[in-house]
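S.K.: Supplied in structure tokens, the structure appears directly below.
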Amino acid sequence: MPVMDLEETLLPGVGVRYEVRIRTGEVLGIVVQREGGAEISVYDRRDPDRVRDVFRLSPEEADAVAEVLGAPRLTQRFADLSREVPGLRSARFPIAPGSPFDGRTLGDTRARTLTGCSIVALVRDADVVPSPGPEHGLRAGDVLVAIGSASGLEQLDRRLSGQADG
Amino acid sequence: MDHVAALLVELGLLFVGLSLLGLAARRLGLSPIPFVLVAALALGEGGVVPLSTAEPFLTASAEIGVVLLLFTLGLEFSATELFAAFRRHAPSGVVDLVLNAPPGFAAGLLLGLPWQGALALAGVTWISSSGIIARLLGDLGRLANRETPAVLSVLVLEDLAMALFLPLLAVALAGAGPMSALGGITLAVGAVLVVLLAAQRLGHRLGRLMTHDDDEQVMLRLVGLTLLVAGLAQSVGASAAVGAFLVGLALPASFADRARAILSPLRDLFAATFFVAFGLATDPGAILPVLPAAVALALVTTATKIATGWFAARRDGVGVPGRLRAGTALVARGEFSIVIAGLAVTSGLPEIGPVATGYVLLLAVTGPVLTRIAEPIGLRLASAPSTR
């Protein structure tokens, strides 16, 4: 990922403000409020200290936007990658409640050894953990992003849902 | 009507009235505080309708209102935010004090108040209303503006200063000499520092002690602890409000959001009774004679607050329009000016009441209006190339 111009400022009593300079030259202001809501706006070119066009997001809306821009984007990127390598696929596997790996570590799945698939990211709520280590804990609700061959991914799916053992 | 019936009807009418006033204030884009004050002036002593049955209840719940106001103020900021604001904006805080407190003090002496009264009036003119201003910045869509961290930092520092100023004032109003006043403030500084440091290390334990799955449990524990500490602080002569502020400060940030959500409605209810009780205790007839003084004081301290905001925003490298926005945003005075004046009034200086009421009425209304006007003016300045 290219390094962007991202600046973080503490807003006492309100939350955190992020400023992102995007390639078109505009500067985005994103205020993430303590209560979970967010504001997205663009800095005014006439007065660069001031924002115009403020979009106010409720906590639910902010979550929805984060989801749109967050986890699926990541899988999309792997999907693009797998298209470039013939035979390579990517897939997302949610850890369902009652899965044998709920409460165990990523290493316990032995995904690489048994299915040849690599787990490239772990998505938990709004957080994305890129290349999680074998000691990384799993719990119900987590989503694993894996790449591998089509048959390997099928095996992994069976293994994670507890339909196959060994 | 028997006593209970009269009490309930009076309170019922009062809260319905407050609801309508709040609605009108929001419609106009203003804070409800000045509306509540005017309404309370029209009631009670020397007013149109006496709230005679409800008055003892209002006076008692006003005390709880102040305690809860200061408790939620302490909750508002984490120790990290306080330290960050202090590191970056300590000079702005000093400028704020030096520019805005002396006009109040001088006016107090000119009005013939004793020095303790002048000290209270200095507090009234010094502390901006973080309630009005935080809401205003959100409403005007200025949260992401580059001058906003400076504005919020000044507010945080003022709130911290309140924790030191209130005990000093309480000791002074109790008629103590300068030596015990000094002792009082040393004790307060020590208490604030100890609580801030303890909150970082042990705050999570206090949080765990207060937390429970059941909201009702959390509310009872929080109100219980806050009132207890406030009562103890009051009994050692340090003002109940400060005790409550320290409890709020000591709670960990992780728990503060939940505590705020649970206690805010309660705080709003009791704080409303505090503003009403303050208005009730003030004789509306006494405001008119001191109105010229209040207007003059408002004019001077509007200018000094604009200078404060200008200075703070410039420290953050903000341009002229932003400095103007920051300065005008800070003009509004509100709840904390009334808290300080209320402390003086209940300590036997009722003369503060009318001038503080007139002053807060003026600035709680003109402050927000002024900063709205400043926006287009600032933009015009920005489009003139010579100013940047």
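Residue numbers start at 1 in each chain; chains themselves are named A, B, ... in the order of the structure tokens; ligands are numbered from 1 in the order shown.
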Based on only C-alpha atoms, which of the residues in chain A come within 6 Å of chain B? I want them as a PDB file with C-alpha atoms, in the first residue's frame.

M.R.:
```
ATOM      1  CA  LEU A  11     -10.180  16.476  19.719  1.00  0.00           C
ATOM      2  CA  PRO A  12     -10.649  16.639  23.503  1.00  0.00           C
ATOM      3  CA  GLY A  13     -14.162  15.678  24.511  1.00  0.00           C
ATOM      4  CA  GLY A  29     -11.465  15.616   7.111  1.00  0.00           C
ATOM      5  CA  ASP A  47      -9.925  28.777   3.508  1.00  0.00           C
ATOM      6  CA  ASP A  49      -8.679  25.664   7.846  1.00  0.00           C
ATOM      7  CA  ARG A  50     -12.385  25.245   7.274  1.00  0.00           C
ATOM      8  CA  VAL A  51     -14.448  22.295   6.065  1.00  0.00           C
TER       9      VAL A  51
END
```

S.K.: Between CA of Ile40 (chain A) and CA of Val54 (chain A), what is the distance in Å, rounded to a tenth?

M.R.: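 Between CA of Ile40 (chain A) and CA of Val54 (chain A) the gap is 5.8 Å.
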
S.K.: Just asking: which residues within region 27-195 of chain B are helix (DSSP H, G or I) according to DSSP, as a CSV table (one decimal) with N, CA and C atoms, in the first residue's frame?

M.R.:
```
chain,number,residue,atom,x,y,z
B,27,ARG,N,-35.1,25.8,18.0
B,27,ARG,CA,-35.6,26.3,16.8
B,27,ARG,C,-34.8,27.5,16.4
B,32,PRO,N,-30.6,26.7,25.5
B,32,PRO,CA,-31.8,26.9,26.3
B,32,PRO,C,-31.5,27.7,27.6
B,33,ILE,N,-30.2,27.7,28.0
B,33,ILE,CA,-29.9,28.3,29.3
B,33,ILE,C,-30.5,29.7,29.5
B,34,PRO,N,-30.2,30.7,28.6
B,34,PRO,CA,-30.8,32.0,28.8
B,34,PRO,C,-32.3,32.0,28.9
B,35,PHE,N,-32.9,31.1,28.1
B,35,PHE,CA,-34.4,31.1,28.1
B,35,PHE,C,-34.9,30.6,29.5
B,36,VAL,N,-34.2,29.6,30.0
B,36,VAL,CA,-34.6,29.1,31.3
B,36,VAL,C,-34.4,30.2,32.4
B,37,LEU,N,-33.3,30.9,32.3
B,37,LEU,CA,-33.0,32.0,33.3
B,37,LEU,C,-34.1,33.0,33.2
B,38,VAL,N,-34.5,33.5,32.0
B,38,VAL,CA,-35.5,34.5,31.9
B,38,VAL,C,-36.8,34.0,32.4
B,39,ALA,N,-37.2,32.7,32.1
B,39,ALA,CA,-38.4,32.2,32.6
B,39,ALA,C,-38.4,32.1,34.2
B,40,ALA,N,-37.2,31.7,34.7
B,40,ALA,CA,-37.2,31.6,36.2
B,40,ALA,C,-37.2,33.0,36.8
B,41,LEU,N,-36.7,34.0,36.2
B,41,LEU,CA,-36.8,35.3,36.7
B,41,LEU,C,-38.2,35.8,36.8
B,42,ALA,N,-39.0,35.4,35.7
B,42,ALA,CA,-40.4,35.8,35.7
B,42,ALA,C,-41.2,35.1,36.8
B,55,GLU,N,-40.4,25.6,45.8
B,55,GLU,CA,-39.1,26.2,46.0
B,55,GLU,C,-38.1,25.5,46.9
B,56,PRO,N,-38.5,24.9,48.1
B,56,PRO,CA,-37.5,24.2,48.9
B,56,PRO,C,-37.0,23.0,48.1
B,57,PHE,N,-37.9,22.3,47.4
B,57,PHE,CA,-37.4,21.1,46.6
B,57,PHE,C,-36.4,21.6,45.5
B,58,LEU,N,-36.7,22.7,44.9
B,58,LEU,CA,-35.8,23.2,43.8
B,58,LEU,C,-34.5,23.6,44.4
B,59,THR,N,-34.5,24.2,45.5
B,59,THR,CA,-33.2,24.6,46.1
B,59,THR,C,-32.3,23.4,46.4
B,60,ALA,N,-33.0,22.3,46.9
B,60,ALA,CA,-32.2,21.1,47.3
B,60,ALA,C,-31.8,20.4,46.0
B,61,SER,N,-32.6,20.3,45.0
B,61,SER,CA,-32.2,19.6,43.8
B,61,SER,C,-31.2,20.4,43.0
B,62,ALA,N,-31.2,21.7,43.2
B,62,ALA,CA,-30.2,22.5,42.5
B,62,ALA,C,-28.8,22.1,42.9
B,63,GLU,N,-28.7,21.8,44.2
B,63,GLU,CA,-27.4,21.4,44.7
B,63,GLU,C,-26.9,20.1,44.0
B,64,ILE,N,-27.9,19.2,43.9
B,64,ILE,CA,-27.6,17.9,43.2
B,64,ILE,C,-27.2,18.2,41.7
B,65,GLY,N,-28.0,19.2,41.1
B,65,GLY,CA,-27.7,19.6,39.8
B,65,GLY,C,-26.3,20.1,39.5
B,66,VAL,N,-25.8,20.9,40.5
B,66,VAL,CA,-24.4,21.4,40.3
B,66,VAL,C,-23.4,20.2,40.4
B,67,VAL,N,-23.7,19.3,41.4
B,67,VAL,CA,-22.8,18.2,41.6
B,67,VAL,C,-22.8,17.3,40.3
B,68,LEU,N,-23.9,17.0,39.7
B,68,LEU,CA,-24.0,16.2,38.5
B,68,LEU,C,-23.4,16.9,37.3
B,69,LEU,N,-23.6,18.2,37.2
B,69,LEU,CA,-22.9,19.0,36.2
B,69,LEU,C,-21.4,18.9,36.2
B,70,LEU,N,-20.9,19.0,37.4
B,70,LEU,CA,-19.4,18.9,37.5
B,70,LEU,C,-18.9,17.5,37.4
B,71,PHE,N,-19.7,16.5,37.8
B,71,PHE,CA,-19.3,15.1,37.7
B,71,PHE,C,-19.2,14.8,36.2
B,72,THR,N,-20.2,15.2,35.4
B,72,THR,CA,-20.2,14.8,34.0
B,72,THR,C,-19.1,15.7,33.3
B,73,LEU,N,-18.8,16.8,33.8
B,73,LEU,CA,-17.7,17.6,33.2
B,73,LEU,C,-16.3,16.8,33.4
B,74,GLY,N,-16.2,16.2,34.6
B,74,GLY,CA,-15.0,15.4,34.9
B,74,GLY,C,-14.9,14.2,34.0
B,75,LEU,N,-16.1,13.6,33.7
B,75,LEU,CA,-16.2,12.5,32.8
B,75,LEU,C,-15.8,12.8,31.4
B,76,GLU,N,-16.1,14.1,31.0
B,76,GLU,CA,-16.0,14.5,29.6
B,76,GLU,C,-14.5,14.3,29.1
B,79,ALA,N,-7.7,11.8,31.3
B,79,ALA,CA,-6.4,12.4,31.7
B,79,ALA,C,-5.5,12.6,30.5
B,80,THR,N,-5.5,11.7,29.6
B,80,THR,CA,-4.6,11.8,28.4
B,80,THR,C,-5.0,13.1,27.6
B,81,GLU,N,-6.2,13.4,27.5
B,81,GLU,CA,-6.7,14.6,26.7
B,81,GLU,C,-6.3,15.8,27.5
B,82,LEU,N,-6.4,15.8,28.9
B,82,LEU,CA,-6.0,16.9,29.7
B,82,LEU,C,-4.5,17.2,29.5
B,83,PHE,N,-3.7,16.1,29.6
B,83,PHE,CA,-2.2,16.3,29.5
B,83,PHE,C,-1.9,16.8,28.1
B,84,ALA,N,-2.5,16.3,27.1
B,84,ALA,CA,-2.2,16.7,25.7
B,84,ALA,C,-2.6,18.2,25.5
B,85,ALA,N,-3.7,18.6,26.1
B,85,ALA,CA,-4.2,20.0,25.9
B,85,ALA,C,-3.2,20.9,26.7
B,86,PHE,N,-2.7,20.4,27.9
B,86,PHE,CA,-1.8,21.2,28.7
B,86,PHE,C,-0.5,21.4,28.0
B,87,ARG,N,0.0,20.3,27.4
B,87,ARG,CA,1.3,20.4,26.8
B,87,ARG,C,1.3,21.4,25.6
B,88,ARG,N,0.2,21.3,24.8
B,88,ARG,CA,0.2,22.0,23.6
B,88,ARG,C,-0.3,23.5,23.8
B,89,HIS,N,-1.2,23.6,24.8
B,89,HIS,CA,-1.9,24.9,24.9
B,89,HIS,C,-1.8,25.6,26.2
B,90,ALA,N,-0.8,25.2,27.1
B,90,ALA,CA,-0.7,25.8,28.3
B,90,ALA,C,-0.6,27.4,28.2
B,91,PRO,N,0.2,27.9,27.2
B,91,PRO,CA,0.2,29.4,27.1
B,91,PRO,C,-1.2,30.0,26.7
B,92,SER,N,-2.0,29.2,25.9
B,92,SER,CA,-3.3,29.7,25.6
B,92,SER,C,-4.2,29.8,26.9
B,93,GLY,N,-4.0,28.8,27.8
B,93,GLY,CA,-4.7,28.8,29.0
B,93,GLY,C,-4.4,30.0,29.9
B,94,VAL,N,-3.1,30.3,29.9
B,94,VAL,CA,-2.6,31.5,30.7
B,94,VAL,C,-3.2,32.8,30.1
B,95,VAL,N,-3.1,32.9,28.8
B,95,VAL,CA,-3.7,34.1,28.1
B,95,VAL,C,-5.1,34.2,28.4
B,96,ASP,N,-5.8,33.1,28.4
B,96,ASP,CA,-7.3,33.1,28.7
B,96,ASP,C,-7.5,33.7,30.1
B,97,LEU,N,-6.8,33.2,31.1
B,97,LEU,CA,-6.9,33.7,32.5
B,97,LEU,C,-6.6,35.1,32.6
B,98,VAL,N,-5.4,35.5,32.0
B,98,VAL,CA,-4.9,36.9,32.2
B,98,VAL,C,-5.8,37.9,31.5
B,99,LEU,N,-6.4,37.5,30.4
B,99,LEU,CA,-7.3,38.5,29.6
B,99,LEU,C,-8.7,38.5,30.2
B,100,ASN,N,-9.2,37.4,30.6
B,100,ASN,CA,-10.7,37.3,30.9
B,100,ASN,C,-11.1,37.4,32.4
B,101,ALA,N,-10.2,37.1,33.3
B,101,ALA,CA,-10.6,37.2,34.7
B,101,ALA,C,-10.5,38.6,35.2
B,102,PRO,N,-9.4,39.3,34.9
B,102,PRO,CA,-9.3,40.7,35.5
B,102,PRO,C,-10.4,41.6,35.2
B,103,PRO,N,-11.0,41.6,34.0
B,103,PRO,CA,-12.2,42.5,33.8
B,103,PRO,C,-13.3,42.3,34.8
B,104,GLY,N,-13.5,41.0,35.1
B,104,GLY,CA,-14.6,40.6,36.0
B,104,GLY,C,-14.2,41.1,37.4
B,105,PHE,N,-13.0,40.9,37.8
B,105,PHE,CA,-12.5,41.3,39.1
B,105,PHE,C,-12.6,42.8,39.3
B,106,ALA,N,-12.2,43.6,38.3
B,106,ALA,CA,-12.2,45.0,38.3
B,106,ALA,C,-13.7,45.5,38.4
B,107,ALA,N,-14.5,44.9,37.6
B,107,ALA,CA,-16.0,45.3,37.6
B,107,ALA,C,-16.6,45.0,39.0
B,108,GLY,N,-16.2,43.9,39.6
B,108,GLY,CA,-16.7,43.6,40.9
B,108,GLY,C,-16.4,44.7,41.9
B,109,LEU,N,-15.1,45.1,41.9
B,109,LEU,CA,-14.6,46.1,42.8
B,109,LEU,C,-15.4,47.5,42.5
B,110,LEU,N,-15.5,47.8,41.2
B,110,LEU,CA,-16.2,49.0,40.8
B,110,LEU,C,-17.6,49.0,41.3
B,115,TRP,N,-13.9,41.9,48.1
B,115,TRP,CA,-13.0,41.2,47.2
B,115,TRP,C,-13.4,39.8,46.8
B,116,GLN,N,-14.1,39.1,47.8
B,116,GLN,CA,-14.5,37.8,47.5
B,116,GLN,C,-15.5,37.8,46.4
B,117,GLY,N,-16.4,38.8,46.4
B,117,GLY,CA,-17.4,38.9,45.3
B,117,GLY,C,-16.8,39.2,44.0
B,118,ALA,N,-15.8,40.1,44.0
B,118,ALA,CA,-15.0,40.4,42.8
B,118,ALA,C,-14.3,39.2,42.2
B,119,LEU,N,-13.8,38.3,43.2
B,119,LEU,CA,-13.2,37.1,42.7
B,119,LEU,C,-14.2,36.2,42.0
B,120,ALA,N,-15.4,36.1,42.6
B,120,ALA,CA,-16.4,35.3,42.0
B,120,ALA,C,-16.8,35.8,40.6
B,121,LEU,N,-16.9,37.1,40.4
B,121,LEU,CA,-17.2,37.8,39.2
B,121,LEU,C,-16.1,37.5,38.1
B,122,ALA,N,-14.8,37.5,38.7
B,122,ALA,CA,-13.7,37.2,37.8
B,122,ALA,C,-13.9,35.8,37.2
B,123,GLY,N,-14.4,34.8,38.0
B,123,GLY,CA,-14.6,33.5,37.5
B,123,GLY,C,-15.7,33.5,36.5
B,124,VAL,N,-16.8,34.3,36.7
B,124,VAL,CA,-17.9,34.4,35.8
B,124,VAL,C,-17.5,34.8,34.4
B,125,THR,N,-16.6,35.8,34.4
B,125,THR,CA,-16.2,36.3,33.1
B,125,THR,C,-15.1,35.4,32.4
B,126,TRP,N,-14.4,34.6,33.2
B,126,TRP,CA,-13.2,33.9,32.8
B,126,TRP,C,-13.7,32.6,32.0
B,130,SER,N,-18.5,25.4,28.1
B,130,SER,CA,-18.2,24.3,27.2
B,130,SER,C,-19.4,23.6,26.7
B,131,GLY,N,-20.5,23.6,27.4
B,131,GLY,CA,-21.7,23.0,27.0
B,131,GLY,C,-22.2,23.6,25.7
B,132,ILE,N,-22.4,25.0,25.7
B,132,ILE,CA,-22.9,25.7,24.6
B,132,ILE,C,-21.9,25.6,23.4
B,133,ILE,N,-20.6,25.7,23.7
B,133,ILE,CA,-19.7,25.8,22.6
B,133,ILE,C,-19.5,24.4,21.9
B,134,ALA,N,-19.4,23.4,22.7
B,134,ALA,CA,-19.2,22.0,22.1
B,134,ALA,C,-20.4,21.7,21.1
B,135,ARG,N,-21.6,22.1,21.6
B,135,ARG,CA,-22.8,21.8,20.8
B,135,ARG,C,-22.8,22.7,19.5
B,136,LEU,N,-22.4,24.0,19.7
B,136,LEU,CA,-22.3,24.9,18.6
B,136,LEU,C,-21.4,24.4,17.5
B,137,LEU,N,-20.2,24.0,17.9
B,137,LEU,CA,-19.2,23.5,16.9
B,137,LEU,C,-19.8,22.4,16.1
B,138,GLY,N,-20.5,21.5,16.8
B,138,GLY,CA,-21.1,20.3,16.1
B,138,GLY,C,-22.2,20.8,15.1
B,139,ASP,N,-23.0,21.7,15.6
B,139,ASP,CA,-24.2,22.2,14.8
B,139,ASP,C,-23.7,22.9,13.6
B,148,THR,N,-10.5,24.1,15.6
B,148,THR,CA,-11.3,23.5,16.6
B,148,THR,C,-10.4,22.8,17.7
B,149,PRO,N,-9.3,22.1,17.4
B,149,PRO,CA,-8.5,21.6,18.6
B,149,PRO,C,-8.1,22.7,19.5
B,150,ALA,N,-7.8,23.9,19.0
B,150,ALA,CA,-7.4,25.0,19.9
B,150,ALA,C,-8.5,25.4,20.8
B,151,VAL,N,-9.7,25.5,20.2
B,151,VAL,CA,-10.9,25.9,20.9
B,151,VAL,C,-11.2,24.9,22.0
B,152,LEU,N,-11.2,23.6,21.7
B,152,LEU,CA,-11.5,22.6,22.6
B,152,LEU,C,-10.4,22.5,23.7
B,153,SER,N,-9.1,22.8,23.4
B,153,SER,CA,-8.1,22.7,24.4
B,153,SER,C,-8.3,23.8,25.4
B,154,VAL,N,-8.7,25.0,24.9
B,154,VAL,CA,-8.9,26.1,25.9
B,154,VAL,C,-10.0,25.7,26.8
B,155,LEU,N,-11.1,25.1,26.3
B,155,LEU,CA,-12.2,24.7,27.1
B,155,LEU,C,-11.8,23.7,28.2
B,156,VAL,N,-10.9,22.7,27.7
B,156,VAL,CA,-10.5,21.7,28.6
B,156,VAL,C,-9.7,22.3,29.8
B,157,LEU,N,-8.8,23.2,29.4
B,157,LEU,CA,-7.9,23.9,30.4
B,157,LEU,C,-8.8,24.7,31.4
B,158,GLU,N,-9.8,25.4,30.9
B,158,GLU,CA,-10.7,26.1,31.7
B,158,GLU,C,-11.4,25.2,32.7
B,159,ASP,N,-11.8,24.0,32.2
B,159,ASP,CA,-12.5,23.1,33.1
B,159,ASP,C,-11.6,22.6,34.2
B,160,LEU,N,-10.4,22.3,33.8
B,160,LEU,CA,-9.4,21.9,34.8
B,160,LEU,C,-9.2,23.0,35.8
B,161,ALA,N,-9.1,24.3,35.3
B,161,ALA,CA,-8.9,25.4,36.2
B,161,ALA,C,-10.1,25.6,37.1
B,162,MET,N,-11.3,25.2,36.7
B,162,MET,CA,-12.5,25.3,37.5
B,162,MET,C,-12.2,24.5,38.8
B,163,ALA,N,-11.6,23.3,38.6
B,163,ALA,CA,-11.4,22.4,39.8
B,163,ALA,C,-10.5,23.0,40.8
B,164,LEU,N,-9.6,24.0,40.3
B,164,LEU,CA,-8.7,24.7,41.3
B,164,LEU,C,-9.4,26.0,41.8
B,165,PHE,N,-10.2,26.6,40.9
B,165,PHE,CA,-10.7,27.9,41.2
B,165,PHE,C,-11.9,27.8,42.2
B,166,LEU,N,-12.7,26.7,42.1
B,166,LEU,CA,-13.9,26.6,43.0
B,166,LEU,C,-13.5,26.4,44.4
B,167,PRO,N,-12.5,25.5,44.8
B,167,PRO,CA,-12.1,25.5,46.2
B,167,PRO,C,-11.5,26.8,46.7
B,168,LEU,N,-10.8,27.5,45.9
B,168,LEU,CA,-10.2,28.8,46.2
B,168,LEU,C,-11.3,29.7,46.6
B,169,LEU,N,-12.3,29.8,45.7
B,169,LEU,CA,-13.5,30.7,45.9
B,169,LEU,C,-14.3,30.2,47.2
B,170,ALA,N,-14.4,28.9,47.3
B,170,ALA,CA,-15.2,28.4,48.5
B,170,ALA,C,-14.5,28.9,49.8
B,171,VAL,N,-13.2,28.7,49.8
B,171,VAL,CA,-12.4,29.1,51.0
B,171,VAL,C,-12.5,30.6,51.2
B,172,ALA,N,-12.4,31.4,50.1
B,172,ALA,CA,-12.4,32.8,50.2
B,172,ALA,C,-13.8,33.3,50.7
B,173,LEU,N,-14.9,32.7,50.2
B,173,LEU,CA,-16.2,33.1,50.5
B,173,LEU,C,-16.6,32.7,52.0
B,178,PRO,N,-6.0,35.1,53.6
B,178,PRO,CA,-5.3,34.7,52.4
B,178,PRO,C,-4.5,33.4,52.7
B,179,MET,N,-4.0,33.2,54.0
B,179,MET,CA,-3.2,32.0,54.2
B,179,MET,C,-4.0,30.7,54.1
B,180,SER,N,-5.2,30.7,54.6
B,180,SER,CA,-6.0,29.5,54.5
B,180,SER,C,-6.5,29.4,53.1
B,181,ALA,N,-6.7,30.5,52.3
B,181,ALA,CA,-7.1,30.4,50.9
B,181,ALA,C,-6.0,29.7,50.2
B,182,LEU,N,-4.7,30.1,50.5
B,182,LEU,CA,-3.6,29.5,49.9
B,182,LEU,C,-3.5,28.0,50.2
B,183,GLY,N,-3.8,27.7,51.5
B,183,GLY,CA,-3.9,26.3,51.9
B,183,GLY,C,-4.9,25.5,51.1
B,184,GLY,N,-6.1,26.1,50.9
B,184,GLY,CA,-7.2,25.5,50.2
B,184,GLY,C,-6.8,25.2,48.8
B,185,ILE,N,-6.1,26.1,48.1
B,185,ILE,CA,-5.8,25.9,46.7
B,185,ILE,C,-4.7,24.8,46.6
B,186,THR,N,-3.7,24.8,47.6
B,186,THR,CA,-2.7,23.8,47.6
B,186,THR,C,-3.3,22.4,47.7
B,187,LEU,N,-4.3,22.3,48.6
B,187,LEU,CA,-5.0,21.1,48.8
B,187,LEU,C,-5.7,20.7,47.5
B,188,ALA,N,-6.3,21.6,46.8
B,188,ALA,CA,-7.0,21.3,45.6
B,188,ALA,C,-6.1,20.9,44.5
B,189,VAL,N,-4.9,21.6,44.3
B,189,VAL,CA,-4.0,21.2,43.3
B,189,VAL,C,-3.5,19.8,43.6
B,190,GLY,N,-3.2,19.5,44.9
B,190,GLY,CA,-2.7,18.2,45.3
B,190,GLY,C,-3.8,17.1,45.0
B,191,ALA,N,-5.0,17.4,45.3
B,191,ALA,CA,-6.1,16.4,45.1
B,191,ALA,C,-6.2,16.1,43.6
B,192,VAL,N,-6.2,17.2,42.8
B,192,VAL,CA,-6.4,17.0,41.3
B,192,VAL,C,-5.2,16.2,40.8
B,193,LEU,N,-4.0,16.5,41.2
B,193,LEU,CA,-2.9,15.7,40.7
B,193,LEU,C,-2.9,14.3,41.1
B,194,VAL,N,-3.2,14.1,42.4
B,194,VAL,CA,-3.3,12.7,42.9
B,194,VAL,C,-4.4,11.9,42.1
B,195,VAL,N,-5.5,12.5,41.9
B,195,VAL,CA,-6.6,11.8,41.2
B,195,VAL,C,-6.2,11.5,39.8
```

S.K.: What lies within 12 Å of region 129-144 of chain A using only C-alpha atoms, ignoring chain neighbours under 3 positions off, as an MDAnalysis selection string?

M.R.: chainID A and resid 70:72 74:75 78 90:112 117:126 147 153 156:157 160:161

S.K.: Those residues you just picked out, can you put them in a file as a PDB file, in the first residue's frame with C-alpha atoms?

M.R.:
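So the final result, stored in result.pdb, reads:
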```pdb
ATOM      1  CA  GLY A  70     -12.954  -2.155   4.920  1.00  0.00           C
ATOM      2  CA  ALA A  71     -13.164  -5.931   4.875  1.00  0.00           C
ATOM      3  CA  PRO A  72     -14.740  -6.606   1.465  1.00  0.00           C
ATOM      4  CA  LEU A  74      -9.496  -6.463   1.279  1.00  0.00           C
ATOM      5  CA  THR A  75     -11.008  -9.615  -0.185  1.00  0.00           C
ATOM      6  CA  PHE A  78      -6.993 -10.670  -3.052  1.00  0.00           C
ATOM      7  CA  SER A  90      -9.405 -16.395  -2.500  1.00  0.00           C
ATOM      8  CA  ALA A  91     -12.326 -16.851  -0.133  1.00  0.00           C
ATOM      9  CA  ARG A  92     -13.694 -15.634   3.173  1.00  0.00           C
ATOM     10  CA  PHE A  93     -14.526 -18.042   5.960  1.00  0.00           C
ATOM     11  CA  PRO A  94     -16.566 -16.899   8.926  1.00  0.00           C
ATOM     12  CA  ILE A  95     -15.916 -18.710  12.204  1.00  0.00           C
ATOM     13  CA  ALA A  96     -19.424 -19.729  13.208  1.00  0.00           C
ATOM     14  CA  PRO A  97     -20.438 -20.113  16.850  1.00  0.00           C
ATOM     15  CA  GLY A  98     -19.849 -23.766  17.669  1.00  0.00           C
ATOM     16  CA  SER A  99     -16.967 -24.080  15.225  1.00  0.00           C
ATOM     17  CA  PRO A 100     -14.209 -26.322  16.670  1.00  0.00           C
ATOM     18  CA  PHE A 101     -11.807 -23.371  16.364  1.00  0.00           C
ATOM     19  CA  ASP A 102     -13.866 -20.877  18.352  1.00  0.00           C
ATOM     20  CA  GLY A 103     -11.533 -20.011  21.249  1.00  0.00           C
ATOM     21  CA  ARG A 104      -8.445 -21.724  19.714  1.00  0.00           C
ATOM     22  CA  THR A 105      -5.526 -20.272  17.802  1.00  0.00           C
ATOM     23  CA  LEU A 106      -4.969 -19.860  14.107  1.00  0.00           C
ATOM     24  CA  GLY A 107      -2.089 -22.362  14.287  1.00  0.00           C
ATOM     25  CA  ASP A 108      -4.528 -25.012  15.556  1.00  0.00           C
ATOM     26  CA  THR A 109      -6.306 -24.990  12.189  1.00  0.00           C
ATOM     27  CA  ARG A 110      -3.081 -26.259  10.517  1.00  0.00           C
ATOM     28  CA  ALA A 111      -4.563 -24.780   7.367  1.00  0.00           C
ATOM     29  CA  ARG A 112      -1.268 -24.499   5.529  1.00  0.00           C
ATOM     30  CA  CYS A 117      -4.065 -22.474   1.830  1.00  0.00           C
ATOM     31  CA  SER A 118      -2.606 -19.289   3.336  1.00  0.00           C
ATOM     32  CA  ILE A 119      -4.634 -17.234   5.733  1.00  0.00           C
ATOM     33  CA  VAL A 120      -3.754 -13.709   4.724  1.00  0.00           C
ATOM     34  CA  ALA A 121      -6.050 -11.685   6.981  1.00  0.00           C
ATOM     35  CA  LEU A 122      -8.377 -11.914   9.909  1.00  0.00           C
ATOM     36  CA  VAL A 123     -11.375  -9.589  10.147  1.00  0.00           C
ATOM     37  CA  ARG A 124     -12.824  -8.973  13.586  1.00  0.00           C
ATOM     38  CA  ASP A 125     -15.664  -6.429  13.815  1.00  0.00           C
ATOM     39  CA  ALA A 126     -14.185  -3.295  12.269  1.00  0.00           C
ATOM     40  CA  ILE A 147      -5.937 -17.790  -0.690  1.00  0.00           C
ATOM     41  CA  LEU A 153     -10.172 -23.770  -0.154  1.00  0.00           C
ATOM     42  CA  LEU A 156     -10.347 -25.517   4.447  1.00  0.00           C
ATOM     43  CA  ASP A 157     -14.031 -24.661   4.472  1.00  0.00           C
ATOM     44  CA  LEU A 160     -13.160 -24.752   9.690  1.00  0.00           C
ATOM     45  CA  SER A 161     -16.828 -25.685   9.943  1.00  0.00           C
TER      46      SER A 161
END
```

S.K.: Looking at B:Thr366, B:Thr328, B:Ser235, B:Thr282, which one is nearest to Gly353 (chain B), with distances taken over only C-alpha atoms?

M.R.: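 Of the candidates, the smallest distance to Gly353 (chain B) is held by B:Thr282.
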
S.K.: Report as a ChimeraX atom specification all protein, DNA and RNA residues lying within 12 Å of region 215-218 of chain B, evaluated on only C-alpha atoms, omitting residues in the same chain fewer than 2 positions from it.

M.R.: /B:207-213,220-226,255-256,258-263

S.K.: Taking 5 positions as the minimum chain separation for residues in the same chain, which residues sit within 9 Å of Tyr18 (chain A) when counting only C-alpha atoms? Answer as a PyMOL selection string.

M.R.: (chain A and resi 6-10+28-32) or (chain B and resi 144)
